[in-house]
Every structure is written in structure tokens, then in C-alpha cells.
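Participant: Structure file model_2.pdb (PDB, C-alpha atoms, pLDDT in the B column) right here:
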ATOM      1  CA  MET A 271      -9.418 -40.790 -30.670  1.00 98.00           C
ATOM      2  CA  GLY A 272     -11.554 -37.699 -30.246  1.00 98.00           C
ATOM      3  CA  PHE A 273     -14.290 -36.163 -32.386  1.00 98.00           C
ATOM      4  CA  ASP A 274     -15.767 -32.678 -32.496  1.00 97.00           C
ATOM      5  CA  PRO A 275     -19.102 -33.279 -34.259  1.00 96.00           C
ATOM      6  CA  GLY A 276     -20.208 -31.229 -37.233  1.00 94.00           C
ATOM      7  CA  PHE A 277     -21.846 -31.799 -40.583  1.00 93.00           C
ATOM      8  CA  ALA A 278     -19.952 -29.262 -42.709  1.00 96.00           C
ATOM      9  CA  THR A 279     -16.678 -29.654 -40.805  1.00 97.00           C
ATOM     10  CA  LEU A 280     -16.045 -32.469 -38.343  1.00 97.00           C
ATOM     11  CA  GLY A 281     -12.839 -32.443 -36.312  1.00 98.00           C
ATOM     12  CA  TYR A 282     -10.864 -35.536 -35.386  1.00 98.00           C
ATOM     13  CA  GLY A 283      -7.776 -36.086 -33.281  1.00 98.00           C
ATOM     14  CA  VAL A 284      -5.778 -39.206 -32.590  1.00 98.00           C
ATOM     15  CA  ILE A 285      -3.389 -39.345 -29.658  1.00 97.00           C
ATOM     16  CA  GLN A 286      -1.324 -42.021 -27.983  1.00 95.00           C
ATOM     17  CA  LYS A 287      -0.750 -42.284 -24.232  1.00 91.00           C
ATOM     18  CA  ASN A 288       2.131 -44.360 -22.925  1.00 87.00           C
ATOM     19  CA  GLN A 289       2.577 -46.055 -19.539  1.00 86.00           C
ATOM     20  CA  LYS A 290       4.263 -42.911 -18.180  1.00 87.00           C
ATOM     21  CA  ASN A 291       1.074 -40.952 -19.004  1.00 84.00           C
ATOM     22  CA  GLU A 292       2.929 -39.055 -21.721  1.00 90.00           C
ATOM     23  CA  VAL A 293       0.696 -38.134 -24.634  1.00 94.00           C
ATOM     24  CA  LYS A 294       1.694 -37.531 -28.231  1.00 95.00           C
ATOM     25  CA  PRO A 295      -0.351 -36.660 -31.316  1.00 97.00           C
ATOM     26  CA  LEU A 296      -0.629 -39.263 -34.058  1.00 97.00           C
ATOM     27  CA  ASP A 297      -2.983 -37.438 -36.411  1.00 98.00           C
ATOM     28  CA  PHE A 298      -5.537 -34.657 -36.485  1.00 98.00           C
ATOM     29  CA  GLY A 299      -7.590 -32.819 -39.041  1.00 98.00           C
ATOM     30  CA  VAL A 300     -11.078 -32.358 -40.345  1.00 98.00           C
ATOM     31  CA  ILE A 301     -13.599 -34.178 -42.456  1.00 98.00           C
ATOM     32  CA  THR A 302     -15.491 -31.757 -44.672  1.00 98.00           C
ATOM     33  CA  THR A 303     -18.656 -32.274 -46.651  1.00 98.00           C
ATOM     34  CA  PRO A 304     -19.510 -30.217 -49.738  1.00 97.00           C
ATOM     35  CA  LYS A 305     -22.312 -27.742 -49.070  1.00 95.00           C
ATOM     36  CA  GLU A 306     -23.894 -28.561 -52.421  1.00 97.00           C
ATOM     37  CA  PHE A 307     -24.447 -32.182 -51.313  1.00 98.00           C
ATOM     38  CA  CYS A 308     -27.829 -33.102 -49.861  1.00 97.00           C
ATOM     39  CA  MET A 309     -27.828 -34.073 -46.188  1.00 96.00           C
ATOM     40  CA  SER A 310     -27.984 -37.821 -46.828  1.00 97.00           C
ATOM     41  CA  LYS A 311     -24.932 -37.656 -49.090  1.00 98.00           C
ATOM     42  CA  ARG A 312     -23.076 -35.536 -46.521  1.00 98.00           C
ATOM     43  CA  LEU A 313     -23.835 -38.179 -43.876  1.00 98.00           C
ATOM     44  CA  CYS A 314     -22.448 -40.873 -46.206  1.00 98.00           C
ATOM     45  CA  VAL A 315     -19.219 -38.878 -46.585  1.00 98.00           C
ATOM     46  CA  ILE A 316     -18.963 -38.647 -42.787  1.00 98.00           C
ATOM     47  CA  TYR A 317     -19.711 -42.360 -42.359  1.00 98.00           C
ATOM     48  CA  ASP A 318     -17.030 -43.399 -44.861  1.00 98.00           C
ATOM     49  CA  ALA A 319     -14.381 -41.042 -43.457  1.00 98.00           C
ATOM     50  CA  VAL A 320     -15.002 -41.880 -39.779  1.00 98.00           C
ATOM     51  CA  THR A 321     -15.041 -45.606 -40.563  1.00 98.00           C
ATOM     52  CA  ALA A 322     -11.736 -45.273 -42.426  1.00 98.00           C
ATOM     53  CA  LEU A 323     -10.122 -43.403 -39.503  1.00 98.00           C
ATOM     54  CA  ILE A 324     -11.276 -46.018 -36.996  1.00 98.00           C
ATOM     55  CA  GLU A 325     -10.010 -48.832 -39.207  1.00 98.00           C
ATOM     56  CA  LYS A 326      -6.672 -47.055 -39.729  1.00 98.00           C
ATOM     57  CA  TYR A 327      -5.942 -46.319 -36.060  1.00 97.00           C
ATOM     58  CA  ASN A 328      -7.910 -49.055 -34.268  1.00 97.00           C
ATOM     59  CA  PRO A 329      -8.293 -46.885 -31.135  1.00 96.00           C
ATOM     60  CA  ASP A 330      -8.647 -48.274 -27.619  1.00 94.00           C
ATOM     61  CA  ALA A 331     -11.277 -45.608 -26.879  1.00 96.00           C
ATOM     62  CA  ILE A 332     -13.210 -42.920 -28.708  1.00 97.00           C
ATOM     63  CA  ALA A 333     -14.396 -39.724 -27.068  1.00 97.00           C
ATOM     64  CA  ILE A 334     -17.056 -37.438 -28.532  1.00 97.00           C
ATOM     65  CA  GLU A 335     -18.111 -33.981 -27.496  1.00 96.00           C
ATOM     66  CA  GLU A 336     -21.738 -33.715 -26.433  1.00 93.00           C
ATOM     67  CA  LEU A 337     -23.854 -31.228 -28.321  1.00 84.00           C
ATOM     68  CA  PHE A 338     -24.710 -27.874 -26.861  1.00 73.00           C
ATOM     69  CA  PHE A 339     -26.952 -25.510 -28.795  1.00 66.00           C
ATOM     70  CA  ASN A 340     -29.016 -22.606 -27.630  1.00 65.00           C
ATOM     71  CA  THR A 341     -29.901 -20.797 -30.850  1.00 70.00           C
ATOM     72  CA  ASN A 342     -30.285 -22.423 -34.268  1.00 76.00           C
ATOM     73  CA  ILE A 343     -32.469 -25.557 -34.117  1.00 81.00           C
ATOM     74  CA  LYS A 344     -31.847 -26.479 -37.791  1.00 81.00           C
ATOM     75  CA  THR A 345     -28.097 -26.505 -37.229  1.00 83.00           C
ATOM     76  CA  ALA A 346     -28.579 -28.526 -34.035  1.00 87.00           C
ATOM     77  CA  ILE A 347     -30.578 -31.168 -35.885  1.00 91.00           C
ATOM     78  CA  ASN A 348     -28.009 -31.454 -38.677  1.00 92.00           C
ATOM     79  CA  VAL A 349     -25.097 -31.715 -36.243  1.00 93.00           C
ATOM     80  CA  ALA A 350     -27.049 -34.261 -34.181  1.00 94.00           C
ATOM     81  CA  GLN A 351     -27.489 -36.406 -37.298  1.00 96.00           C
ATOM     82  CA  ALA A 352     -23.749 -36.219 -38.006  1.00 96.00           C
ATOM     83  CA  ARG A 353     -23.029 -37.051 -34.366  1.00 96.00           C
ATOM     84  CA  GLY A 354     -25.292 -40.083 -34.701  1.00 97.00           C
ATOM     85  CA  ILE A 355     -23.134 -41.310 -37.577  1.00 97.00           C
ATOM     86  CA  ILE A 356     -19.997 -40.835 -35.468  1.00 97.00           C
ATOM     87  CA  VAL A 357     -21.591 -42.745 -32.578  1.00 96.00           C
ATOM     88  CA  LEU A 358     -22.656 -45.566 -34.908  1.00 96.00           C
ATOM     89  CA  CYS A 359     -19.211 -45.901 -36.505  1.00 97.00           C
ATOM     90  CA  SER A 360     -17.506 -45.713 -33.117  1.00 95.00           C
ATOM     91  CA  ALA A 361     -19.794 -48.262 -31.473  1.00 94.00           C
ATOM     92  CA  LYS A 362     -19.250 -50.701 -34.328  1.00 95.00           C
ATOM     93  CA  GLY A 363     -15.510 -50.127 -34.599  1.00 94.00           C
ATOM     94  CA  CYS A 364     -14.292 -49.602 -31.054  1.00 92.00           C
ATOM     95  CA  LYS A 365     -16.807 -50.519 -28.298  1.00 81.00           C
ATOM     96  CA  GLN A 366     -15.166 -48.075 -25.829  1.00 92.00           C
ATOM     97  CA  LEU A 367     -17.140 -44.910 -26.527  1.00 94.00           C
ATOM     98  CA  TYR A 368     -17.261 -41.913 -24.163  1.00 95.00           C
ATOM     99  CA  GLU A 369     -18.869 -38.485 -24.268  1.00 95.00           C
ATOM    100  CA  TYR A 370     -17.854 -35.251 -22.591  1.00 96.00           C
ATOM    101  CA  THR A 371     -19.692 -31.978 -22.239  1.00 94.00           C
ATOM    102  CA  PRO A 372     -18.055 -28.716 -23.311  1.00 94.00           C
ATOM    103  CA  LEU A 373     -17.835 -27.811 -19.605  1.00 94.00           C
ATOM    104  CA  GLN A 374     -15.986 -31.061 -18.787  1.00 95.00           C
ATOM    105  CA  ILE A 375     -13.560 -30.474 -21.673  1.00 96.00           C
ATOM    106  CA  LYS A 376     -12.837 -26.889 -20.600  1.00 96.00           C
ATOM    107  CA  GLN A 377     -12.349 -28.017 -17.002  1.00 95.00           C
ATOM    108  CA  ALA A 378      -9.995 -30.862 -17.973  1.00 95.00           C
ATOM    109  CA  MET A 379      -7.953 -28.717 -20.335  1.00 96.00           C
ATOM    110  CA  THR A 380      -7.624 -25.509 -18.333  1.00 95.00           C
ATOM    111  CA  GLY A 381      -9.011 -26.117 -14.856  1.00 94.00           C
ATOM    112  CA  ASN A 382     -11.726 -23.578 -15.663  1.00 93.00           C
ATOM    113  CA  GLY A 383     -15.125 -24.688 -16.927  1.00 90.00           C
ATOM    114  CA  ARG A 384     -15.672 -21.203 -18.368  1.00 91.00           C
ATOM    115  CA  ALA A 385     -12.417 -21.090 -20.355  1.00 94.00           C
ATOM    116  CA  GLU A 386     -12.413 -19.459 -23.755  1.00 95.00           C
ATOM    117  CA  LYS A 387     -11.611 -21.226 -27.001  1.00 92.00           C
ATOM    118  CA  HIS A 388      -8.132 -19.681 -27.353  1.00 95.00           C
ATOM    119  CA  GLN A 389      -7.205 -20.924 -23.856  1.00 96.00           C
ATOM    120  CA  ILE A 390      -8.159 -24.488 -24.749  1.00 96.00           C
ATOM    121  CA  GLN A 391      -6.262 -24.290 -28.028  1.00 96.00           C
ATOM    122  CA  PHE A 392      -3.180 -23.017 -26.206  1.00 97.00           C
ATOM    123  CA  MET A 393      -3.355 -25.943 -23.772  1.00 97.00           C
ATOM    124  CA  VAL A 394      -3.758 -28.450 -26.623  1.00 98.00           C
ATOM    125  CA  ARG A 395      -0.596 -27.045 -28.217  1.00 97.00           C
ATOM    126  CA  MET A 396       1.327 -27.135 -24.941  1.00 97.00           C
ATOM    127  CA  MET A 397       0.174 -30.589 -23.819  1.00 96.00           C
ATOM    128  CA  LEU A 398       1.059 -32.146 -27.168  1.00 97.00           C
ATOM    129  CA  GLY A 399       4.304 -30.213 -27.650  1.00 96.00           C
ATOM    130  CA  LEU A 400       3.154 -28.747 -30.950  1.00 97.00           C
ATOM    131  CA  LYS A 401       4.850 -25.738 -32.548  1.00 96.00           C
ATOM    132  CA  ARG A 402       1.502 -24.226 -33.532  1.00 96.00           C
ATOM    133  CA  ILE A 403      -2.119 -24.455 -32.491  1.00 95.00           C
ATOM    134  CA  PRO A 404      -3.767 -27.096 -34.699  1.00 95.00           C
ATOM    135  CA  LYS A 405      -5.884 -25.636 -37.471  1.00 94.00           C
ATOM    136  CA  PRO A 406      -8.693 -25.490 -38.249  1.00 94.00           C
ATOM    137  CA  ASP A 407     -10.322 -24.968 -34.848  1.00 95.00           C
ATOM    138  CA  ASP A 408     -12.352 -28.178 -35.223  1.00 96.00           C
ATOM    139  CA  ALA A 409      -9.137 -30.251 -35.235  1.00 98.00           C
ATOM    140  CA  ALA A 410      -7.889 -28.535 -32.058  1.00 97.00           C
ATOM    141  CA  ASP A 411     -11.304 -29.124 -30.467  1.00 97.00           C
ATOM    142  CA  ALA A 412     -11.171 -32.831 -31.342  1.00 98.00           C
ATOM    143  CA  LEU A 413      -7.696 -33.125 -29.821  1.00 98.00           C
ATOM    144  CA  ALA A 414      -9.060 -31.443 -26.682  1.00 98.00           C
ATOM    145  CA  VAL A 415     -11.790 -34.095 -26.514  1.00 98.00           C
ATOM    146  CA  ALA A 416      -9.199 -36.887 -26.861  1.00 97.00           C
ATOM    147  CA  LEU A 417      -6.952 -35.254 -24.255  1.00 97.00           C
ATOM    148  CA  THR A 418      -9.879 -34.891 -21.875  1.00 97.00           C
ATOM    149  CA  HIS A 419     -10.432 -38.622 -22.023  1.00 95.00           C
ATOM    150  CA  ALA A 420      -6.717 -39.359 -21.679  1.00 94.00           C
ATOM    151  CA  GLN A 421      -6.505 -37.093 -18.616  1.00 90.00           C
ATOM    152  CA  THR A 422      -9.624 -38.240 -16.868  1.00 85.00           C
ATOM    153  CA  ASN A 423      -9.004 -41.847 -17.907  1.00 68.00           C
ATOM    154  CA  ASP A 424     -12.594 -42.485 -16.924  1.00 45.00           C
ATOM    155  CA  LEU A 425     -12.817 -46.242 -17.079  1.00 43.00           C
ATOM    156  CA  THR A 426     -15.676 -46.359 -14.588  1.00 42.00           C
ATOM    157  CA  ASN A 427     -18.117 -46.194 -17.519  1.00 44.00           C
ATOM    158  CA  GLN A 428     -20.008 -43.245 -16.048  1.00 47.00           C
ATOM    159  CA  ASN A 429     -19.489 -41.259 -19.249  1.00 49.00           C
ATOM    160  CA  MET A 430     -19.597 -44.264 -21.535  1.00 48.00           C
ATOM    161  CA  LEU A 431     -22.195 -44.290 -24.290  1.00 49.00           C
TER     162      LEU A 431
END
Show this structure as C-alpha cells.

Facilitator:
Amino acid sequence: MGFDPGFATLGYGVIQKNQKNEVKPLDFGVITTPKEFCMSKRLCVIYDAVTALIEKYNPDAIAIEELFFNTNIKTAINVAQARGIIVLCSAKGCKQLYEYTPLQIKQAMTGNGRAEKHQIQFMVRMMLGLKRIPKPDDAADALAVALTHAQTNDLTNQNML
């Protein structure tokens, strides 16, 4: 299971990898929080939705994208709070929790750490045999996080939270 953290829109993707290293999508989408809700209520929505997804799919591992911000500190703080909720839910519900930087995800998906968003989305579509690029972008990003973990299969715990 992969997550692309956000507080207004949070992407999730669930994939399954078989013994032949073939990967197929099980589910993907977004969790949205109403902008008129206060931050604490938005975090409760995220907590409930992430907990429900983990309970539904009982994943072997959860991968989360690390945060990278260089402009808006308020947005960074809000996304960091939402990411904290994802980490909490994942740690309680799975125990196998990994994080990947945007650079690692781009490298794993395209072989280029400077790849553009449309290149990653194209690779997500191709790797999962989908007819279309998953929408919205947050769902495709979450699938890319899950695929990164499935490809690197990093069980050495060096990226484990």
C-alpha cells in the first residue's frame, strides 16, 4: 500500500505482487477533506479513512512519500500533520512502514531522478497494465510510491520508519 500525503487530498494505492514479481492494482483513489472543516476535523477524517483502508486490505507493507517543500511553510506544516496521521495509522495497523523520497520514487519508476510528473504517471499506467493514467494525480502518485517499494523490495530496513 502506498500513500501520497496531503491534507486536502491524500492519494492511496494498493497493489499486489505475486511470486513471479508481477504486480497488479487492487485499489487506488484519494481521501479528501472538506476545506470548510477545521484542521483537527480534517485530521480525524484522514485518520478514519486511512484506518479503514488498512483494515480492509491488511497490507504486508506500507510505503509513504517523504515530504519535500521549498516554498509555503504553512502548507508544509499542514501536510506534515496529515503525514503524521498516516504514519500513526500505518504503524498501528501494519508494522512494516517504509518511506521514499521523491528522488527515489522518480529513479525507481523511470530510471531518472529528475523525471517529470507525466513520465511517472505514464510508467504507473504501463507497469500496472491500466488503460488510462489513474486520476487524480494524487492516486497515481500513491501507486508510484507502492510500486517503488515493490520494485526495490527493500527489506533491509534502511528505509523503514

Participant: Run the PyMOL selection byres ((chain A and resi 294-307) around 9) on the file and write out the hits as a ChimeraX atom specification.

Facilitator: /A:276-288,292-293,308-313,315-316,319-320,397-400,404-406,408-410,412-413

Participant: Identify which of the residues A:Thr422, A:Leu373, A:Asp274, A:Arg402 lies closest to Glu335 (chain A), counting all atoms listed in the file when measuring atom-to-atom distances.

Facilitator: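 Of A:Thr422, A:Leu373, A:Asp274, A:Arg402, the one nearest Glu335 (chain A), counting all atoms listed in the file, is A:Asp274.
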
Participant: Expressed in Å to a single decimal, how great is the separation between CA of Leu367 (chain A) and CA of Ile332 (chain A)?

Facilitator: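 Computing it gives 4.9 Å between the two atoms.
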
Participant: Please measure the separation of CA of Tyr327 (chain A) and CA of Asn291 (chain A), giving the value in Å to one decimal.

Facilitator: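 Answer for the CA of Tyr327 (chain A) to CA of Asn291 (chain A) separation: 19.2 Å.
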
Participant: Name every residue that the PyMOL selection byres ((chain A and resi 347-349) around 9) selects in this structure, writing the answer as a tab-separated table (two decimals) with C-alpha atoms, in the coordinates of the input with chains first and numbers rising.

Facilitator:
chain	number	residue	atom	x	y	z
A	275	PRO	CA	-19.10	-33.28	-34.26
A	276	GLY	CA	-20.21	-31.23	-37.23
A	277	PHE	CA	-21.85	-31.80	-40.58
A	278	ALA	CA	-19.95	-29.26	-42.71
A	309	MET	CA	-27.83	-34.07	-46.19
A	337	LEU	CA	-23.85	-31.23	-28.32
A	342	ASN	CA	-30.28	-22.42	-34.27
A	343	ILE	CA	-32.47	-25.56	-34.12
A	344	LYS	CA	-31.85	-26.48	-37.79
A	345	THR	CA	-28.10	-26.50	-37.23
A	346	ALA	CA	-28.58	-28.53	-34.03
A	350	ALA	CA	-27.05	-34.26	-34.18
A	351	GLN	CA	-27.49	-36.41	-37.30
A	352	ALA	CA	-23.75	-36.22	-38.01
A	353	ARG	CA	-23.03	-37.05	-34.37
A	354	GLY	CA	-25.29	-40.08	-34.70

Participant: Pick out the closest residue to Cys359 (chain A) from this set: A:Gln391, A:Thr321, A:Gln289, A:Gln377. Count only C-alpha atoms.

Facilitator: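 Smallest distance to Cys359 (chain A) is found for A:Thr321.
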
Participant: Could you work out how far CA of Phe273 (chain A) lies from CA of His388 (chain A), giving the answer in Å with one decimal?

Facilitator: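 The value is 18.3 Å.
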
Participant: Box in all listed atoms of region 374-382 of chain A, axis-aligned, with 3 Å more on each side; write out centre and edge lengths in Å to one decimal as JSON.

Facilitator:
{"center_x": -11.8, "center_y": -27.3, "center_z": -18.3, "size_x": 14.4, "size_y": 13.5, "size_z": 12.8}

Participant: Just checking: using only C-alpha atoms, which residue out of A:Glu325, A:Asp407, A:Asp330, A:Glu386 ends up closest to Gln366 (chain A)?

Facilitator: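 Closest to Gln366 (chain A) of all the choices is A:Asp330.
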
Participant: Under the rule that all atoms listed in the file are counted, which of A:Ala331, A:Lys290, A:Ala420, A:Thr341 is the nearest residue to Ala361 (chain A)?

Facilitator: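 Among the listed residues, A:Ala331 lies closest to Ala361 (chain A).
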
Participant: Taking all atoms listed in the file into account, name the residue in A:Thr371, A:Leu323, A:Lys387, A:Phe392 that is nearest to Ile356 (chain A).

Facilitator: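 Of A:Thr371, A:Leu323, A:Lys387, A:Phe392, the one nearest Ile356 (chain A) is A:Leu323, counting all atoms listed in the file.
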
Participant: Between A:Ile375, A:Ile355, A:Met396, A:Met271, which residue has the minimum interatomic distance to Lys326 (chain A), considering all atoms listed in the file?

Facilitator: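 Among A:Ile375, A:Ile355, A:Met396, A:Met271, it is A:Met271 that comes nearest to Lys326 (chain A).
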
Participant: Could you write region 367-379 of chain A as a PDB file, in the coordinates of the input, with N, CA, C and O atoms rebuilt where they are missing?

Facilitator:
ATOM      1  N   LEU A 367     -16.686 -46.204 -26.036  1.00 94.00           N
ATOM      2  CA  LEU A 367     -17.140 -44.910 -26.527  1.00 94.00           C
ATOM      3  C   LEU A 367     -17.560 -44.040 -25.353  1.00 94.00           C
ATOM      4  O   LEU A 367     -18.374 -44.455 -24.528  1.00 94.00           O
ATOM      5  N   TYR A 368     -17.003 -42.825 -25.272  1.00 95.00           N
ATOM      6  CA  TYR A 368     -17.261 -41.913 -24.163  1.00 95.00           C
ATOM      7  C   TYR A 368     -17.712 -40.562 -24.703  1.00 95.00           C
ATOM      8  O   TYR A 368     -17.361 -40.187 -25.814  1.00 95.00           O
ATOM      9  N   GLU A 369     -18.455 -39.830 -23.876  1.00 95.00           N
ATOM     10  CA  GLU A 369     -18.869 -38.485 -24.268  1.00 95.00           C
ATOM     11  C   GLU A 369     -18.549 -37.511 -23.144  1.00 95.00           C
ATOM     12  O   GLU A 369     -18.599 -37.871 -21.961  1.00 95.00           O
ATOM     13  N   TYR A 370     -18.210 -36.300 -23.536  1.00 96.00           N
ATOM     14  CA  TYR A 370     -17.854 -35.251 -22.591  1.00 96.00           C
ATOM     15  C   TYR A 370     -18.552 -33.961 -22.987  1.00 96.00           C
ATOM     16  O   TYR A 370     -18.620 -33.625 -24.177  1.00 96.00           O
ATOM     17  N   THR A 371     -19.037 -33.255 -21.985  1.00 94.00           N
ATOM     18  CA  THR A 371     -19.692 -31.978 -22.239  1.00 94.00           C
ATOM     19  C   THR A 371     -18.621 -30.911 -22.500  1.00 94.00           C
ATOM     20  O   THR A 371     -17.457 -31.072 -22.084  1.00 94.00           O
ATOM     21  N   PRO A 372     -19.005 -29.814 -23.148  1.00 94.00           N
ATOM     22  CA  PRO A 372     -18.055 -28.716 -23.311  1.00 94.00           C
ATOM     23  C   PRO A 372     -17.476 -28.246 -21.974  1.00 94.00           C
ATOM     24  O   PRO A 372     -16.282 -27.962 -21.878  1.00 94.00           O
ATOM     25  N   LEU A 373     -18.294 -28.211 -20.934  1.00 94.00           N
ATOM     26  CA  LEU A 373     -17.835 -27.811 -19.605  1.00 94.00           C
ATOM     27  C   LEU A 373     -16.763 -28.763 -19.079  1.00 94.00           C
ATOM     28  O   LEU A 373     -15.736 -28.325 -18.530  1.00 94.00           O
ATOM     29  N   GLN A 374     -16.975 -30.070 -19.236  1.00 95.00           N
ATOM     30  CA  GLN A 374     -15.986 -31.061 -18.787  1.00 95.00           C
ATOM     31  C   GLN A 374     -14.671 -30.906 -19.546  1.00 95.00           C
ATOM     32  O   GLN A 374     -13.592 -31.045 -18.967  1.00 95.00           O
ATOM     33  N   ILE A 375     -14.757 -30.631 -20.844  1.00 96.00           N
ATOM     34  CA  ILE A 375     -13.560 -30.474 -21.673  1.00 96.00           C
ATOM     35  C   ILE A 375     -12.786 -29.232 -21.236  1.00 96.00           C
ATOM     36  O   ILE A 375     -11.564 -29.278 -21.040  1.00 96.00           O
ATOM     37  N   LYS A 376     -13.490 -28.127 -21.048  1.00 96.00           N
ATOM     38  CA  LYS A 376     -12.837 -26.889 -20.600  1.00 96.00           C
ATOM     39  C   LYS A 376     -12.177 -27.087 -19.240  1.00 96.00           C
ATOM     40  O   LYS A 376     -11.054 -26.634 -19.009  1.00 96.00           O
ATOM     41  N   GLN A 377     -12.879 -27.765 -18.344  1.00 95.00           N
ATOM     42  CA  GLN A 377     -12.349 -28.017 -17.002  1.00 95.00           C
ATOM     43  C   GLN A 377     -11.099 -28.891 -17.071  1.00 95.00           C
ATOM     44  O   GLN A 377     -10.098 -28.613 -16.403  1.00 95.00           O
ATOM     45  N   ALA A 378     -11.138 -29.953 -17.860  1.00 95.00           N
ATOM     46  CA  ALA A 378      -9.995 -30.862 -17.973  1.00 95.00           C
ATOM     47  C   ALA A 378      -8.789 -30.191 -18.623  1.00 95.00           C
ATOM     48  O   ALA A 378      -7.647 -30.431 -18.227  1.00 95.00           O
ATOM     49  N   MET A 379      -9.049 -29.338 -19.586  1.00 96.00           N
ATOM     50  CA  MET A 379      -7.953 -28.717 -20.335  1.00 96.00           C
ATOM     51  C   MET A 379      -7.323 -27.537 -19.609  1.00 96.00           C
ATOM     52  O   MET A 379      -6.118 -27.325 -19.707  1.00 96.00           O
TER      53      MET A 379
END
